[in-house]
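Visitor: Here you go, start29.cif (mmCIF, C-alpha atoms):
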```
data_final
#
loop_
_atom_site.label_atom_id
_atom_site.label_comp_id
_atom_site.auth_asym_id
_atom_site.auth_seq_id
_atom_site.Cartn_x
_atom_site.Cartn_y
_atom_site.Cartn_z
CA MET A 1 -1.71 48.81 30.45
CA LEU A 2 -2.45 46.52 33.35
CA ILE A 3 -2.78 42.88 32.52
CA GLY A 4 -4.43 40.70 35.12
CA VAL A 5 -2.62 37.43 35.95
CA VAL A 6 -4.66 34.41 34.96
CA TYR A 7 -4.17 31.34 37.11
CA ARG A 8 -5.31 27.97 35.97
CA MET A 9 -4.69 24.49 37.27
CA GLU A 10 -6.05 21.34 35.75
CA THR A 11 -5.22 17.65 36.06
CA VAL A 12 -6.16 14.96 33.57
CA SER A 13 -5.50 11.24 33.85
CA PHE A 14 -4.46 9.48 30.63
CA PRO A 15 -4.17 5.72 30.10
CA GLY A 16 -0.49 4.71 29.93
CA ARG A 17 -0.46 3.77 26.28
CA PHE A 18 0.98 5.40 23.15
CA GLU A 19 -2.48 6.07 21.72
CA SER A 20 -2.95 8.64 24.52
CA LEU A 21 -0.12 10.82 23.17
CA PRO A 22 -2.18 12.94 20.71
CA ARG A 23 -4.68 13.74 23.50
CA VAL A 24 -1.87 14.60 25.91
CA GLY A 25 -0.40 16.81 23.16
CA ALA A 26 -3.70 18.63 22.60
CA PHE A 27 -4.15 19.17 26.35
CA ILE A 28 -0.61 20.57 26.78
CA SER A 29 -0.80 22.70 23.69
CA GLN A 30 -4.06 24.29 24.80
CA ALA A 31 -2.60 25.04 28.25
CA ALA A 32 0.60 26.43 26.70
CA LYS A 33 -1.43 28.76 24.48
CA SER A 34 -3.49 29.95 27.44
CA ALA A 35 -0.19 30.66 29.25
CA GLY A 36 0.65 33.07 26.43
CA LEU A 37 3.61 31.06 25.11
CA SER A 38 4.82 31.69 21.53
CA ASP A 39 4.02 29.12 18.80
CA LYS A 40 7.61 27.91 18.98
CA ALA A 41 7.40 27.48 22.77
CA VAL A 42 4.02 25.71 22.46
CA TYR A 43 5.63 23.15 20.13
CA ALA A 44 8.67 22.82 22.39
CA VAL A 45 6.67 22.03 25.53
CA GLN A 46 4.41 19.64 23.62
CA LEU A 47 7.49 17.79 22.36
CA ALA A 48 9.07 17.69 25.84
CA VAL A 49 5.90 16.22 27.38
CA ASP A 50 5.50 13.71 24.53
CA GLU A 51 9.07 12.45 25.13
CA ALA A 52 8.45 12.33 28.89
CA CYS A 53 5.22 10.33 28.49
CA SER A 54 6.84 7.89 26.03
CA ASN A 55 9.53 7.30 28.65
CA ILE A 56 6.93 6.75 31.39
CA ILE A 57 5.28 4.04 29.26
CA ASP A 58 8.55 2.47 28.05
CA HIS A 59 10.68 2.71 31.20
CA ALA A 60 8.61 3.44 34.32
CA TYR A 61 5.79 1.06 33.39
CA GLY A 62 7.88 -1.15 31.09
CA GLY A 63 5.10 -1.34 28.49
CA GLU A 64 1.63 -0.17 27.58
CA ASP A 65 -1.50 -0.46 29.75
CA ARG A 66 0.24 -0.96 33.09
CA GLY A 67 -0.97 2.24 34.72
CA VAL A 68 -2.04 5.82 34.22
CA MET A 69 -0.19 9.06 33.60
CA LEU A 70 -1.50 11.96 35.66
CA CYS A 71 -0.86 15.20 33.88
CA SER A 72 -1.26 18.56 35.65
CA VAL A 73 -0.87 21.96 34.07
CA ILE A 74 -0.38 25.15 36.05
CA VAL A 75 -0.55 28.50 34.30
CA ASP A 76 0.83 31.45 36.22
CA ALA A 77 2.38 34.83 35.58
CA LYS A 78 5.70 33.26 34.60
CA GLY A 79 4.45 30.68 32.12
CA LEU A 80 3.51 27.02 32.18
CA THR A 81 4.40 24.24 34.61
CA VAL A 82 3.59 20.65 33.70
CA ILE A 83 3.69 17.94 36.37
CA LEU A 84 3.63 14.30 35.27
CA ARG A 85 3.00 11.55 37.82
CA ASP A 86 3.06 7.80 37.40
CA ARG A 87 3.13 4.78 39.70
CA GLY A 88 5.71 2.83 37.73
CA MET A 89 9.29 1.92 38.63
CA PRO A 90 11.62 4.81 39.54
CA PHE A 91 12.85 6.41 36.32
CA ASN A 92 14.99 9.50 36.68
CA PRO A 93 15.56 11.06 33.26
CA GLN A 94 18.27 13.24 34.76
CA GLU A 95 20.47 10.16 35.17
CA ILE A 96 20.40 9.43 31.42
CA PRO A 97 23.61 10.67 29.77
CA ASP A 98 23.47 12.90 26.67
CA PRO A 99 23.47 10.94 23.41
CA GLN A 100 26.54 10.93 21.18
CA VAL A 101 25.55 12.54 17.92
CA ASP A 102 28.88 13.62 16.47
CA VAL A 103 29.52 10.11 15.16
CA PRO A 104 29.21 8.48 11.72
CA LEU A 105 25.67 7.43 10.80
CA GLU A 106 26.31 3.66 11.33
CA LYS A 107 27.41 4.31 14.92
CA LEU A 108 24.43 6.48 15.88
CA LYS A 109 22.39 4.95 18.73
CA PRO A 110 18.92 5.95 19.92
CA ARG A 111 19.55 5.86 23.66
CA GLY A 112 19.07 9.18 25.39
CA VAL A 113 17.83 11.26 22.45
CA GLY A 114 14.28 11.60 23.81
CA VAL A 115 15.47 12.68 27.26
CA PHE A 116 18.00 15.07 25.71
CA LEU A 117 15.26 16.66 23.58
CA MET A 118 12.98 16.92 26.61
CA ARG A 119 15.66 18.75 28.61
CA LYS A 120 16.48 21.13 25.75
CA MET A 121 12.85 22.02 25.04
CA VAL A 122 11.98 23.42 28.48
CA ASP A 123 13.64 25.85 30.89
CA GLU A 124 13.65 23.63 33.95
CA VAL A 125 13.28 19.91 34.73
CA ARG A 126 12.79 18.54 38.26
CA TYR A 127 12.41 14.93 39.31
CA GLU A 128 11.32 13.32 42.54
CA TYR A 129 10.47 9.77 43.52
CA SER A 130 8.85 8.40 46.63
CA PRO A 131 7.35 4.95 47.22
CA GLU A 132 4.06 6.67 48.16
CA GLY A 133 3.91 9.18 45.32
CA GLY A 134 5.77 7.34 42.56
CA ASN A 135 7.61 9.31 39.87
CA VAL A 136 6.95 13.05 39.78
CA LEU A 137 8.46 14.94 36.87
CA THR A 138 8.06 18.71 36.64
CA LEU A 139 8.72 20.61 33.43
CA ILE A 140 8.70 24.42 33.40
CA LYS A 141 8.44 26.63 30.34
CA ARG A 142 8.71 30.36 30.99
CA ARG A 143 7.02 32.98 28.90
CA GLU A 144 9.55 35.04 26.95
CA SER A 145 9.59 38.60 28.22
CA MET B 1 -1.66 9.17 10.59
CA GLU B 2 -1.91 8.42 6.90
CA VAL B 3 1.16 7.09 5.10
CA THR B 4 1.22 6.75 1.32
CA SER B 5 4.05 5.51 -0.91
CA THR B 6 4.38 6.10 -4.63
CA GLU B 7 6.95 4.33 -6.75
CA TYR B 8 8.61 6.45 -9.44
CA LYS B 9 11.33 5.59 -11.91
CA ARG B 10 14.09 7.40 -10.03
CA CYS B 11 12.90 6.89 -6.47
CA ASP B 12 10.01 6.21 -4.09
CA VAL B 13 8.11 9.10 -2.54
CA VAL B 14 6.63 8.54 0.93
CA LYS B 15 4.17 11.04 2.32
CA ALA B 16 2.61 11.13 5.77
CA ALA B 17 0.33 13.60 7.49
CA GLY B 18 -0.26 14.66 11.08
CA ARG B 19 1.74 13.49 14.10
CA VAL B 20 4.64 11.08 14.10
CA ASP B 21 4.98 9.90 17.72
CA SER B 22 5.48 6.61 19.56
CA SER B 23 2.02 5.43 18.52
CA THR B 24 2.25 6.28 14.79
CA ALA B 25 6.00 5.87 14.11
CA PRO B 26 5.58 2.07 13.55
CA ARG B 27 3.32 2.82 10.54
CA LEU B 28 6.02 4.99 8.99
CA GLU B 29 8.58 2.30 9.77
CA GLU B 30 6.45 -0.31 8.00
CA ALA B 31 6.10 1.86 4.88
CA LEU B 32 9.85 2.54 4.70
CA ASN B 33 10.77 -1.09 5.40
CA SER B 34 8.56 -2.43 2.65
CA ILE B 35 10.36 -0.19 0.12
CA VAL B 36 13.80 -1.24 1.36
CA GLU B 37 12.80 -4.92 1.44
CA ALA B 38 11.71 -4.62 -2.20
CA GLY B 39 15.31 -3.64 -2.97
CA ARG B 40 14.71 0.09 -3.54
CA TYR B 41 16.90 2.44 -1.56
CA LYS B 42 16.27 5.90 -3.00
CA ILE B 43 13.52 7.44 -0.91
CA VAL B 44 12.09 10.94 -0.71
CA PHE B 45 10.07 11.58 2.45
CA ASP B 46 7.59 14.42 1.90
CA MET B 47 6.98 16.05 5.31
CA SER B 48 4.80 18.96 4.12
CA ASP B 49 1.79 17.78 6.12
CA ILE B 50 3.62 16.55 9.24
CA ASN B 51 3.17 18.99 12.09
CA PHE B 52 4.76 17.02 14.94
CA MET B 53 7.64 14.56 15.16
CA SER B 54 9.09 13.03 18.32
CA SER B 55 12.40 11.21 18.71
CA LYS B 56 10.69 7.89 17.84
CA GLY B 57 9.97 9.31 14.39
CA TRP B 58 13.55 10.42 13.95
CA TRP B 59 14.78 6.96 14.86
CA VAL B 60 12.63 5.39 12.20
CA LEU B 61 14.18 7.79 9.67
CA ILE B 62 17.73 7.22 10.97
CA ASP B 63 17.25 3.43 10.72
CA ALA B 64 15.98 3.76 7.16
CA GLN B 65 18.89 6.07 6.34
CA LYS B 66 21.37 3.48 7.65
CA LYS B 67 19.83 0.76 5.47
CA CYS B 68 19.61 2.92 2.36
CA LYS B 69 23.12 4.36 2.58
CA ARG B 70 24.74 0.95 3.11
CA TYR B 71 26.97 0.05 0.11
CA LYS B 72 26.20 3.59 -1.17
CA ARG B 73 23.10 2.18 -2.81
CA GLY B 74 20.77 5.06 -1.99
CA GLU B 75 19.60 7.59 0.54
CA VAL B 76 16.60 9.03 2.39
CA ILE B 77 15.98 12.68 1.50
CA LEU B 78 13.56 14.92 3.40
CA VAL B 79 11.30 17.55 1.83
CA ASN B 80 9.44 20.49 3.39
CA VAL B 81 10.34 19.96 7.02
CA GLN B 82 8.37 22.45 9.14
CA ASP B 83 10.48 24.94 11.13
CA ASN B 84 9.64 23.60 14.61
CA ILE B 85 10.49 20.06 13.57
CA ARG B 86 13.67 21.19 11.82
CA GLU B 87 14.83 23.09 14.90
CA SER B 88 14.38 20.08 17.17
CA LEU B 89 16.28 17.91 14.68
CA ASP B 90 19.16 20.39 14.52
CA LEU B 91 19.14 20.81 18.28
CA VAL B 92 19.96 17.15 18.89
CA GLY B 93 22.52 17.34 16.10
CA MET B 94 20.76 14.85 13.82
CA GLY B 95 20.06 17.35 11.04
CA SER B 96 23.42 16.64 9.45
CA TYR B 97 22.45 13.04 8.60
CA PHE B 98 19.87 14.14 6.02
CA LYS B 99 19.70 16.26 2.89
CA ILE B 100 16.69 18.54 3.22
CA PHE B 101 14.93 20.10 0.21
CA ASN B 102 12.14 22.67 0.07
CA ASP B 103 10.80 21.41 -3.22
CA LEU B 104 9.57 17.91 -4.05
CA THR B 105 10.54 18.06 -7.73
CA ALA B 106 14.08 19.15 -6.84
CA ALA B 107 14.36 16.33 -4.29
CA VAL B 108 13.20 13.67 -6.77
CA GLY B 109 15.46 15.19 -9.42
CA SER B 110 18.49 14.94 -7.13
CA PHE B 111 18.59 11.17 -7.58
#
```
Could you take the file, read its structure, and then write that structure out as structure tokens?

Guide:
Amino acid sequence: MLIGVVYRMETVSFPGRFESLPRVGAFISQAAKSAGLSDKAVYAVQLAVDEACSNIIDHAYGGEDRGVMLCSVIVDAKGLTVILRDRGMPFNPQEIPDPQVDVPLEKLKPRGVGVFLMRKMVDEVRYEYSPEGGNVLTLIKRRES
Amino acid sequence: MEVTSTEYKRCDVVKAAGRVDSSTAPRLEEALNSIVEAGRYKIVFDMSDINFMSSKGWWVLIDAQKKCKRYKRGEVILVNVQDNIRESLDLVGMGSYFKIFNDLTAAVGSF
């Protein structure tokens, strides 16, 4: 059976505030489904993007309503690529160390858990920053063969 | 996201529905804090109708767990955690900080 490759590219701009997260989630989840990802992979990529957007608001913009989050989805033969752009301060999630979770409950600290989850939920994470383009974070989720 | 709390003799049952993310986690935090501030530390969190939880949600639960377990006065127990949510919790290694039940009656009865 020959299956034609469906290409799709779409970009949506969301206000940089936490209230946008359900709409970002719906947008990503719809794209992930159209990329033929499994239910588990759809959840994973939605979670990764949610963590990434929370970090854009918290760290790149340093708060809500300071700028927009441009969210692009690209569906190709391999799966789904999500590109997130913002014009906040440089924030490279790859510089955030893994959280320490093998510690007693009282010593558990939140730093780094969101970024760690984001990294674990997708197959590839790329980050670039330029003064002209701002932060560009690319998350790739491949379709299981 | 709707959050409801019901006070029982043995414990308090908190139930929420929908997404727990950076925008809704503060509502869950408020519900859990008001129980703890009233001096009750045995809490069952019914997650049957929660279909998404980000790290912000987990941190609200971890904070509540720290407060409840202090002086061994109580605990936060989770019920009916959906598979996707459970997997992400286990992946970051935070699953071990909670008892997880599949049945509300059993969870309430464990106190």

Visitor: Restrict the distance test to all atoms listed in the file, flag each residue of chain B within 6 Å of chain A, and return the flagged residues as a list of chain:residue names.

Guide: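 Applying the cut-off to the listed atoms yields B:Ser22, B:Ser23, B:Ser55, B:Gly93.
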
Visitor: Can you spell out as a PyMOL selection string the set of residues that the PyMOL selection byres ((chain B and resi 1-16) around 7) selects in the structure I just provided?

Guide: chain B and resi 17-19+24+28+42-47+49-50+108+111

Visitor: If you count only C-alpha atoms, which residues fall within 10 Å of Pro131 in chain A, apart from same-chain ones fewer than 4 positions away, as a list in words?

Guide: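 Contacts, in chain order: Arg87, Gly88, Met89, Pro90 and Asn135 of chain A.
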
Visitor: For the atom pair CA of Asp63 in chain B and CA of His59 in chain A, what is the interatomic distance in Å to one decimal place?

Guide: 21.5 Å

Visitor: Residue by residue, what does the PyMOL selection byres ((chain A and resi 71-84) around 10) grab here? Present the result as a count of residues only.

Guide: 48

Visitor: Could you jot down the CA of Asp21 in chain B to CA of Ser54 in chain B separation for me, Å, one decimal place?

Guide: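 Computing it gives 5.2 Å between the two atoms.
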
Visitor: One number please: CA of Arg70 in chain B to CA of Leu32 in chain B, in Å, one decimal.

Guide: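 According to the coordinates, CA of Arg70 in chain B and CA of Leu32 in chain B are separated by 15.1 Å.
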
Visitor: To verify the selection step, state as a list of chain:residue names which residues the PyMOL selection byres ((chain B and resi 78) around 9) yields on this input.

Guide: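 Answer for the PyMOL selection byres ((chain B and resi 78) around 9): B:Ile43, B:Val44, B:Phe45, B:Asp46, B:Met47, B:Val76, B:Ile77, B:Val79, B:Asn80, B:Val81, B:Phe98, B:Lys99, B:Ile100, B:Phe101, B:Asn102, B:Leu104, B:Ala107.
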
Visitor: So which residues are close to (19.8, 6.6, 2.3), meaning at most 7 Å away in the file's coordinates with only C-alpha atoms counted, and can you show them as a compact mmCIF listing (two decimals) with C-alpha atoms, in the coordinates of the input?

Guide:
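Contents of the output file selection_19.txt:
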```txt
# COMPACT_ATOMS: atom_id res chain seq x y z
CA TYR B 41 16.90 2.44 -1.56
CA LYS B 42 16.27 5.90 -3.00
CA ALA B 64 15.98 3.76 7.16
CA GLN B 65 18.89 6.07 6.34
CA LYS B 66 21.37 3.48 7.65
CA LYS B 67 19.83 0.76 5.47
CA CYS B 68 19.61 2.92 2.36
CA LYS B 69 23.12 4.36 2.58
CA GLY B 74 20.77 5.06 -1.99
CA GLU B 75 19.60 7.59 0.54
CA VAL B 76 16.60 9.03 2.39
```

Visitor: Which residue out of A:Asp123, A:Glu95, A:Tyr129, A:Gly16 has the minimum interatomic distance to Arg66 in chain A when all atoms listed in the file are used?

Guide: A:Gly16

Visitor: Please define a box with edges along x, y and z of the file around all atoms of range 70-88 of chain A given in the file, extend it by 6 Å on each side, and return its centre and edge lengths in Å to one decimal, as lines of an AutoDock Vina configuration file.

Guide:
```
center_x = 2.1
center_y = 18.8
center_z = 35.9
size_x = 19.2
size_y = 44.0
size_z = 19.6
```
